[in-house]
Amino acid sequence: MSKERAKRRAERLAVLEREKAVRARKVARRQARREVVRKITPKRRGRTGTVYRFRRAERIGLVVVPLVAAAAVWSLVPDIALRIVLIALILLVLPALTAVILGRR
């Protein structure tokens, strides 16, 4: 009886060892694949959006300068229709000025 139990235990342990070896090979393959992918993919450089290409001072300038120009137009131009046209012109010209002044596309 004890010989049979020892034999069954040995069989169970052998099966467990085989399963453990299979799992270890899978984990090793997965780890190697991750390392290859990590080496291939380019490093991220933080935020990459259009607005984040500019420095903080440039972003503040892109907001403050048109607001100051709009306030100047609003306070210096007496005719309301001309005010609206000039502010619309400021908004239309802003992207072109941004590209020219900051030297970016």
# chains A, B, ... in the order shown; residues from 1 in each chain; ligands from 1
$ closest_atom_pairs --of "range 11-90 of chain A" --to "range 94-97 of chain A" --cutoff "10 Å" --atoms "only C-alpha atoms" --output "tab-separated table"
residue	atom	partner	partner_atom	distance
A:Leu62	CA	A:Leu94	CA	8.2
A:Val63	CA	A:Leu94	CA	9.9
A:Val65	CA	A:Leu94	CA	9.6
A:Pro66	CA	A:Leu94	CA	7.5
A:Ala88	CA	A:Leu94	CA	10.0
A:Leu89	CA	A:Leu94	CA	8.4
A:Ile90	CA	A:Leu94	CA	6.0
$ select_by_dssp --residues "chain A" --states "helix (DSSP H, G or I)" --output "compact mmCIF listing (two decimals) with C-alpha atoms, in the first residue's frame"
# COMPACT_ATOMS: atom_id res chain seq x y z
CA SER A 2 2.70 2.51 0.93
CA LYS A 3 4.63 1.64 -2.22
CA GLU A 4 1.57 2.52 -4.33
CA ARG A 5 1.13 5.82 -2.51
CA ALA A 6 4.80 6.63 -2.96
CA LYS A 7 4.52 5.76 -6.65
CA ARG A 8 1.42 7.97 -7.09
CA ARG A 9 3.08 10.80 -5.19
CA ALA A 10 6.13 10.50 -7.41
CA GLU A 11 3.90 10.62 -10.51
CA ARG A 12 2.08 13.71 -9.16
CA LEU A 13 5.37 15.40 -8.41
CA ALA A 14 6.69 14.57 -11.88
CA VAL A 15 3.54 16.06 -13.48
CA LEU A 16 3.86 19.16 -11.30
CA GLU A 17 7.53 19.54 -12.25
CA ARG A 18 6.67 19.29 -15.96
CA GLU A 19 3.90 21.89 -15.58
CA LYS A 20 6.26 24.16 -13.67
CA ALA A 21 8.89 23.83 -16.42
CA VAL A 22 6.27 24.65 -19.11
CA ARG A 23 5.16 27.69 -17.12
CA ALA A 24 8.76 28.83 -16.65
CA ARG A 25 9.40 28.55 -20.41
CA LYS A 26 6.24 30.57 -21.14
CA VAL A 27 7.27 33.26 -18.65
CA ALA A 28 10.78 33.39 -20.10
CA ARG A 29 9.41 33.70 -23.65
CA ARG A 30 7.00 36.43 -22.58
CA GLN A 31 9.82 38.30 -20.82
CA ALA A 32 12.12 38.04 -23.85
CA ARG A 33 9.32 39.28 -26.12
CA ARG A 34 8.71 42.25 -23.81
CA GLU A 35 12.41 43.13 -23.84
CA VAL A 36 12.51 43.03 -27.65
CA VAL A 37 9.41 45.22 -27.88
CA ARG A 38 10.85 47.63 -25.30
CA LYS A 39 14.06 47.94 -27.34
CA ILE A 40 12.20 48.48 -30.61
CA VAL A 51 -0.11 73.02 -27.85
CA TYR A 52 2.51 71.21 -25.76
CA ARG A 53 5.22 71.82 -28.38
CA ARG A 56 4.87 77.81 -21.09
CA ALA A 57 5.78 81.45 -21.84
CA GLU A 58 4.93 80.96 -25.51
CA ARG A 59 1.54 79.45 -24.62
CA ILE A 60 0.81 82.34 -22.29
CA GLY A 61 1.84 84.78 -25.01
CA LEU A 62 -0.45 83.05 -27.51
CA VAL A 63 -3.36 83.77 -25.19
CA VAL A 64 -2.43 87.14 -23.68
CA VAL A 65 -1.32 89.02 -26.82
CA PRO A 66 -4.60 88.56 -28.73
CA LEU A 67 -6.58 89.42 -25.60
CA VAL A 68 -4.59 92.64 -25.15
CA ALA A 69 -5.02 93.47 -28.84
CA ALA A 70 -8.77 92.82 -28.60
CA ALA A 71 -8.99 95.02 -25.49
CA ALA A 72 -7.07 97.78 -27.29
CA VAL A 73 -9.39 97.54 -30.30
CA TRP A 74 -12.44 97.53 -28.08
CA SER A 75 -11.31 100.61 -26.13
CA LEU A 76 -9.81 102.66 -29.00
CA ILE A 80 -19.06 98.63 -32.96
CA ALA A 81 -19.09 97.07 -36.43
CA LEU A 82 -15.45 98.00 -36.96
CA ARG A 83 -14.61 96.57 -33.51
CA ILE A 84 -16.15 93.22 -34.42
CA VAL A 85 -14.39 93.12 -37.80
CA LEU A 86 -11.00 93.95 -36.25
CA ILE A 87 -11.39 91.32 -33.52
CA ALA A 88 -12.37 88.73 -36.14
CA LEU A 89 -9.30 89.76 -38.12
CA ILE A 90 -7.11 89.27 -35.04
CA LEU A 91 -8.53 85.76 -34.61
CA LEU A 92 -8.00 84.93 -38.28
CA VAL A 93 -4.41 86.20 -38.38
CA LEU A 94 -3.36 84.63 -35.06
CA PRO A 95 -2.38 81.17 -36.45
CA ALA A 96 -0.26 82.75 -39.20
CA LEU A 97 1.46 85.07 -36.71
CA THR A 98 2.11 82.13 -34.43
CA ALA A 99 3.85 80.24 -37.25
CA VAL A 100 5.87 83.29 -38.34
CA ILE A 101 6.89 84.58 -34.91
CA LEU A 102 7.63 81.25 -33.26
